[in-house]
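> Take this structure first; my questions come after.
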Amino acid sequence: MIRTIAVHGYRSVRDLTLELDGFDIVTGANGVGKSNLYRALRLLAGCADGSVISTIARDGGLASLLWAGMEQPSRDVVAGRARAQGTVRRGPVSLRLGYASDALGYLVDLGIPPPGHSPFVNDPEVKVEQIFHGAVARPGSLLVDRRGQVVRVRDEAWRTLDWQMLPQQSVLAEAVGLEAAPEIATVRDGIRSWRFYDHVRTDAESPARQPCIGTVSPVLDADGANLGAALATIEFQGDREGVAAAVEDAFPGCTLAVDSSDDGRIHVRLRQPGLLRPLSTAELSDGTLRYLLLVAALLTTRPPGLMVLNEPETSLHRDLLPALAGLIARAARTTQVIVVTHAPELILALAAHGARRHELVKDPGGTSVAGAGGLLDGARWAWPTR
Ligand SMILES: Nc1ncnc2c1ncn2[C@@H]1O[C@H](COP(=O)(O)OP(=O)(O)OP(=O)(O)O)[C@@H](O)[C@H]1O
Ligand SMILES: [Mg+2]
């Protein structure tokens, strides 16, 4: 289980450590930085598939993703008694992302090239990457330590795995000789299993409204294109009762029909009381289709190490939220779940299923966890110096 996630310098998230329970809700008012935290986690996941640098570039470059406030805001600035002022930077430009789990932890520190080294002065590069045992990266708990282009691993003693790792490449995505460094492969495979669902399309032209090719599909595509195949997979080899219960909970009296046609395509239809024929996905309301997408995502036959849902309640009527909470709770029995939401009904219903609530707040010092900031808070994370 992932115990801690830590983000430093990503948009409004200047410095945040979040302790997780396994089934967690991240909430807070509009604009406090919930989606920023979600995006930071996605970026962290991008380290495992090699997409992190290109994602940063696509999002406008490192400069636009970095915390735009003071490097070390004073108490008066945080309390709103003084205005933020530009000062001479003491530390390097740095975006840091990491997590710790019961098994291994990983962190990455991204920065910009030293002056004069590259024509691409704003092109982000990996400065430090570490894999460690336990809750915090300490010298004694390190297993992999990458500094610039040099990657060292520790078994009996430290040895160098690579002298020439390209600055734009992450150890997780690019390291070779992994049979000699199994912890890199373990972390990479763990992160690659993480799944993120954020506003899957349900508009009239959305892929989820079309029949799809029937292939075994344990994972719902990010755009929902394989909805029929994913539901058929669950009905064939997974939690069939869970699907029926989720549909009945949300739409009493309705049943789902997932059938393949002669051309091998799978059609999803919803039988509803009072209608002479079932309605196809093309005919369903946005909210109904979105709920079915969530059913397919959450009751997956291949549970990931971590599932993160950003505002899953979007376009669902509040009456549906208890059913959605039940569905998410069912998934949380087999996978770690983080739900980012500000819908009070969903939060209450998830909390009734045992989810732990973390309230984010934002002040001129950035996004933080409400109630944190005591002497012991934040003590369970440490960033390495470069
Ligand atoms: N580079 C940056 N530096 C500092 N703050 C930033 C930066 N970029 C965006 N922000 C702040 O982040 C906030 C938006 O955060 P985010 O989108 O995560 O909010 P949210 O909690 O998801 O809100 P909503 O509930 O409306 O979706 C804005 O208040 C904006 O001021
Ligand atoms: Mg948001």
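FYI, nothing fancy with the structure tokens labels: chains A, B, ... in order, residues from 1 per chain, ligands from 1 as they appear.
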Mind checking DSSP for segment 274-363 of chain A and telling me the strand (DSSP E) residues as a PyMOL selection string?
chain A and resi 279-280+306-310+336-340+356-363
> If we count only C-alpha atoms and set the cut-off at 7 Å, which residues sit around segment 211-227 of chain A, ignoring sequence neighbours fewer than 6 positions away in its own chain? Please answer as a list in words.
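In the requested format, the answer is Tyr197, Val200, Arg201, Thr233, Gly264, Arg265, Ile266, His267, Leu293, Ala296, Ala297, Thr300, Thr301 and Arg302 of chain A.
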> Pull all heavy atoms from the residues just selected and write them as an mmCIF file, in the first residue's frame.

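The new file part.cif reads:
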```cif
data_model
loop_
_atom_site.group_PDB
_atom_site.id
_atom_site.type_symbol
_atom_site.label_atom_id
_atom_site.label_comp_id
_atom_site.auth_asym_id
_atom_site.auth_seq_id
_atom_site.Cartn_x
_atom_site.Cartn_y
_atom_site.Cartn_z
ATOM 1 N N TYR A 197 -8.589 8.119 -13.700
ATOM 2 C CA TYR A 197 -9.786 8.406 -14.496
ATOM 3 C C TYR A 197 -10.257 9.825 -14.190
ATOM 4 O O TYR A 197 -10.473 10.192 -13.048
ATOM 5 C CB TYR A 197 -10.896 7.385 -14.221
ATOM 6 C CG TYR A 197 -10.575 6.037 -14.822
ATOM 7 C CD1 TYR A 197 -10.173 4.979 -14.023
ATOM 8 C CD2 TYR A 197 -10.645 5.839 -16.191
ATOM 9 C CE1 TYR A 197 -9.862 3.736 -14.572
ATOM 10 C CE2 TYR A 197 -10.340 4.609 -16.760
ATOM 11 C CZ TYR A 197 -9.947 3.563 -15.946
ATOM 12 O OH TYR A 197 -9.632 2.342 -16.501
ATOM 13 N N VAL A 200 -14.066 11.057 -18.187
ATOM 14 C CA VAL A 200 -14.131 10.283 -19.433
ATOM 15 C C VAL A 200 -15.251 10.871 -20.299
ATOM 16 O O VAL A 200 -16.328 11.198 -19.796
ATOM 17 C CB VAL A 200 -14.418 8.795 -19.123
ATOM 18 C CG1 VAL A 200 -14.453 7.992 -20.412
ATOM 19 C CG2 VAL A 200 -13.364 8.233 -18.182
ATOM 20 N N ARG A 201 -14.969 11.016 -21.581
ATOM 21 C CA ARG A 201 -15.917 11.696 -22.476
ATOM 22 C C ARG A 201 -17.261 10.963 -22.572
ATOM 23 O O ARG A 201 -17.294 9.739 -22.669
ATOM 24 C CB ARG A 201 -15.322 11.760 -23.889
ATOM 25 C CG ARG A 201 -14.379 12.914 -24.095
ATOM 26 C CD ARG A 201 -13.850 12.869 -25.514
ATOM 27 N NE ARG A 201 -14.900 12.945 -26.520
ATOM 28 C CZ ARG A 201 -14.715 12.714 -27.814
ATOM 29 N NH1 ARG A 201 -13.518 12.387 -28.262
ATOM 30 N NH2 ARG A 201 -15.713 12.832 -28.664
ATOM 31 N N THR A 233 -15.936 -8.410 -20.271
ATOM 32 C CA THR A 233 -14.858 -9.122 -19.572
ATOM 33 C C THR A 233 -15.235 -9.341 -18.110
ATOM 34 O O THR A 233 -15.038 -10.427 -17.561
ATOM 35 C CB THR A 233 -13.534 -8.328 -19.680
ATOM 36 O OG1 THR A 233 -13.272 -8.087 -21.064
ATOM 37 C CG2 THR A 233 -12.377 -9.093 -19.073
ATOM 38 N N GLY A 264 -18.773 -9.389 -34.417
ATOM 39 C CA GLY A 264 -17.795 -9.399 -33.327
ATOM 40 C C GLY A 264 -17.802 -8.131 -32.488
ATOM 41 O O GLY A 264 -16.955 -7.971 -31.608
ATOM 42 N N ARG A 265 -18.742 -7.244 -32.748
ATOM 43 C CA ARG A 265 -18.793 -6.016 -31.950
ATOM 44 C C ARG A 265 -19.666 -6.234 -30.720
ATOM 45 O O ARG A 265 -20.610 -7.009 -30.753
ATOM 46 C CB ARG A 265 -19.366 -4.868 -32.774
ATOM 47 C CG ARG A 265 -18.369 -4.437 -33.801
ATOM 48 C CD ARG A 265 -18.818 -3.271 -34.624
ATOM 49 N NE ARG A 265 -17.820 -3.057 -35.642
ATOM 50 C CZ ARG A 265 -16.744 -2.272 -35.482
ATOM 51 N NH1 ARG A 265 -16.560 -1.607 -34.391
ATOM 52 N NH2 ARG A 265 -15.864 -2.158 -36.443
ATOM 53 N N ILE A 266 -19.308 -5.496 -29.665
ATOM 54 C CA ILE A 266 -20.077 -5.633 -28.425
ATOM 55 C C ILE A 266 -20.973 -4.422 -28.243
ATOM 56 O O ILE A 266 -20.529 -3.273 -28.383
ATOM 57 C CB ILE A 266 -19.123 -5.808 -27.228
ATOM 58 C CG1 ILE A 266 -18.338 -7.109 -27.431
ATOM 59 C CG2 ILE A 266 -19.889 -5.821 -25.925
ATOM 60 C CD1 ILE A 266 -17.636 -7.622 -26.223
ATOM 61 N N HIS A 267 -22.225 -4.710 -27.961
ATOM 62 C CA HIS A 267 -23.224 -3.651 -27.760
ATOM 63 C C HIS A 267 -23.654 -3.657 -26.300
ATOM 64 O O HIS A 267 -23.933 -4.715 -25.749
ATOM 65 C CB HIS A 267 -24.451 -3.895 -28.651
ATOM 66 C CG HIS A 267 -24.110 -3.879 -30.119
ATOM 67 N ND1 HIS A 267 -24.395 -2.806 -30.924
ATOM 68 C CD2 HIS A 267 -23.487 -4.799 -30.906
ATOM 69 C CE1 HIS A 267 -23.974 -3.061 -32.161
ATOM 70 N NE2 HIS A 267 -23.409 -4.271 -32.167
ATOM 71 N N LEU A 293 -19.495 3.790 -17.253
ATOM 72 C CA LEU A 293 -18.034 3.840 -17.440
ATOM 73 C C LEU A 293 -17.327 3.604 -16.104
ATOM 74 O O LEU A 293 -16.328 2.884 -16.024
ATOM 75 C CB LEU A 293 -17.630 5.195 -18.025
ATOM 76 C CG LEU A 293 -17.946 5.366 -19.513
ATOM 77 C CD1 LEU A 293 -17.983 6.847 -19.893
ATOM 78 C CD2 LEU A 293 -16.917 4.629 -20.378
ATOM 79 N N ALA A 296 -17.416 -0.026 -15.191
ATOM 80 C CA ALA A 296 -16.407 -0.792 -15.927
ATOM 81 C C ALA A 296 -15.001 -0.506 -15.395
ATOM 82 O O ALA A 296 -14.159 -1.411 -15.293
ATOM 83 C CB ALA A 296 -16.477 -0.453 -17.411
ATOM 84 N N ALA A 297 -14.739 0.752 -15.033
ATOM 85 C CA ALA A 297 -13.398 1.098 -14.533
ATOM 86 C C ALA A 297 -13.151 0.479 -13.168
ATOM 87 O O ALA A 297 -12.073 -0.064 -12.899
ATOM 88 C CB ALA A 297 -13.257 2.622 -14.452
ATOM 89 N N THR A 300 -12.937 -3.596 -12.491
ATOM 90 C CA THR A 300 -11.923 -4.201 -13.354
ATOM 91 C C THR A 300 -11.497 -5.586 -12.873
ATOM 92 O O THR A 300 -11.378 -5.819 -11.670
ATOM 93 C CB THR A 300 -10.682 -3.280 -13.408
ATOM 94 O OG1 THR A 300 -9.624 -3.954 -14.049
ATOM 95 C CG2 THR A 300 -10.209 -2.864 -12.023
ATOM 96 N N THR A 301 -11.245 -6.469 -13.833
ATOM 97 C CA THR A 301 -10.769 -7.804 -13.457
ATOM 98 C C THR A 301 -9.281 -7.802 -13.139
ATOM 99 O O THR A 301 -8.748 -8.802 -12.704
ATOM 100 C CB THR A 301 -11.019 -8.819 -14.592
ATOM 101 O OG1 THR A 301 -10.409 -8.320 -15.776
ATOM 102 C CG2 THR A 301 -12.504 -9.030 -14.826
ATOM 103 N N ARG A 302 -8.598 -6.700 -13.411
ATOM 104 C CA ARG A 302 -7.171 -6.623 -13.074
ATOM 105 C C ARG A 302 -6.938 -5.380 -12.203
ATOM 106 O O ARG A 302 -6.545 -4.325 -12.702
ATOM 107 C CB ARG A 302 -6.318 -6.539 -14.344
ATOM 108 C CG ARG A 302 -4.832 -6.749 -14.059
ATOM 109 C CD ARG A 302 -3.979 -6.437 -15.270
ATOM 110 N NE ARG A 302 -4.214 -7.330 -16.375
ATOM 111 C CZ ARG A 302 -3.951 -7.012 -17.645
ATOM 112 N NH1 ARG A 302 -3.475 -5.816 -17.969
ATOM 113 N NH2 ARG A 302 -4.166 -7.885 -18.600
#
```
> As a list in words, please: the residues near Ala63 of chain A (cut-off 9 Å, only C-alpha atoms, same-chain neighbours under 4 positions excluded).
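Using only C-alpha atoms, the neighbours found are Trp67, Ala68, Val93 and Asn122 of chain A.
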> Can I get the residues close to ligand 1 as number ranges by chain, where close means within 9 Å and we count only C-alpha atoms and all ligand atoms?
A: 9-14, 27-39, 63-69, 310-311, 340-342, 360-362, 364, 366-367
> Quick one: of A:Ser260, A:Gln169, A:Ser206, A:Gln164, who's nearest to Leu231 of chain A, counting only C-alpha atoms?
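When distances to Leu231 of chain A are compared using only C-alpha atoms, the smallest one comes from A:Ser260.
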> When you count only C-alpha atoms and all ligand atoms, which of these residues is closest to ligand 2: A:Tyr99, A:Arg386, A:Val26, A:Gly238?
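Residue with the minimum atom-to-atom distance to ligand 2: A:Val26.
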> Taking only C-alpha atoms into account, which of A:Gln210, A:Thr281, A:Thr160, A:Thr288 comes nearest Val247 of chain A?
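Of A:Gln210, A:Thr281, A:Thr160, A:Thr288, the one nearest Val247 of chain A, counting only C-alpha atoms, is A:Thr288.
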> Using only C-alpha atoms for the distances, tell me which of A:His117, A:Arg138, A:Arg380, A:Arg209 is nearest to Ala6 of chain A.
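Nearest candidate to Ala6 of chain A out of A:His117, A:Arg138, A:Arg380, A:Arg209: A:Arg380.
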> Compile the contact shell of Ala185 of chain A as a PyMOL selection string: residues with an atom at most 12 Å away, counting only C-alpha atoms, same-chain residues fewer than 5 positions apart removed.
chain A and resi 48-49+104+106+131+144+171-180+190-192
> Give me the residues near Phe251 of chain A as a VMD selection string, where near means some atom within 10 Å (using only C-alpha atoms) and where sequence neighbours in that chain fewer than 6 positions away do not count.
chain A and resid 245 270 272 to 273 288 320 323
> Provide the atom CA of Trp381 of chain A to atom CA of Ile184 of chain A distance in Å, to one decimal place.
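Interatomic distance, atom CA of Trp381 of chain A to atom CA of Ile184 of chain A: 20.5 Å.
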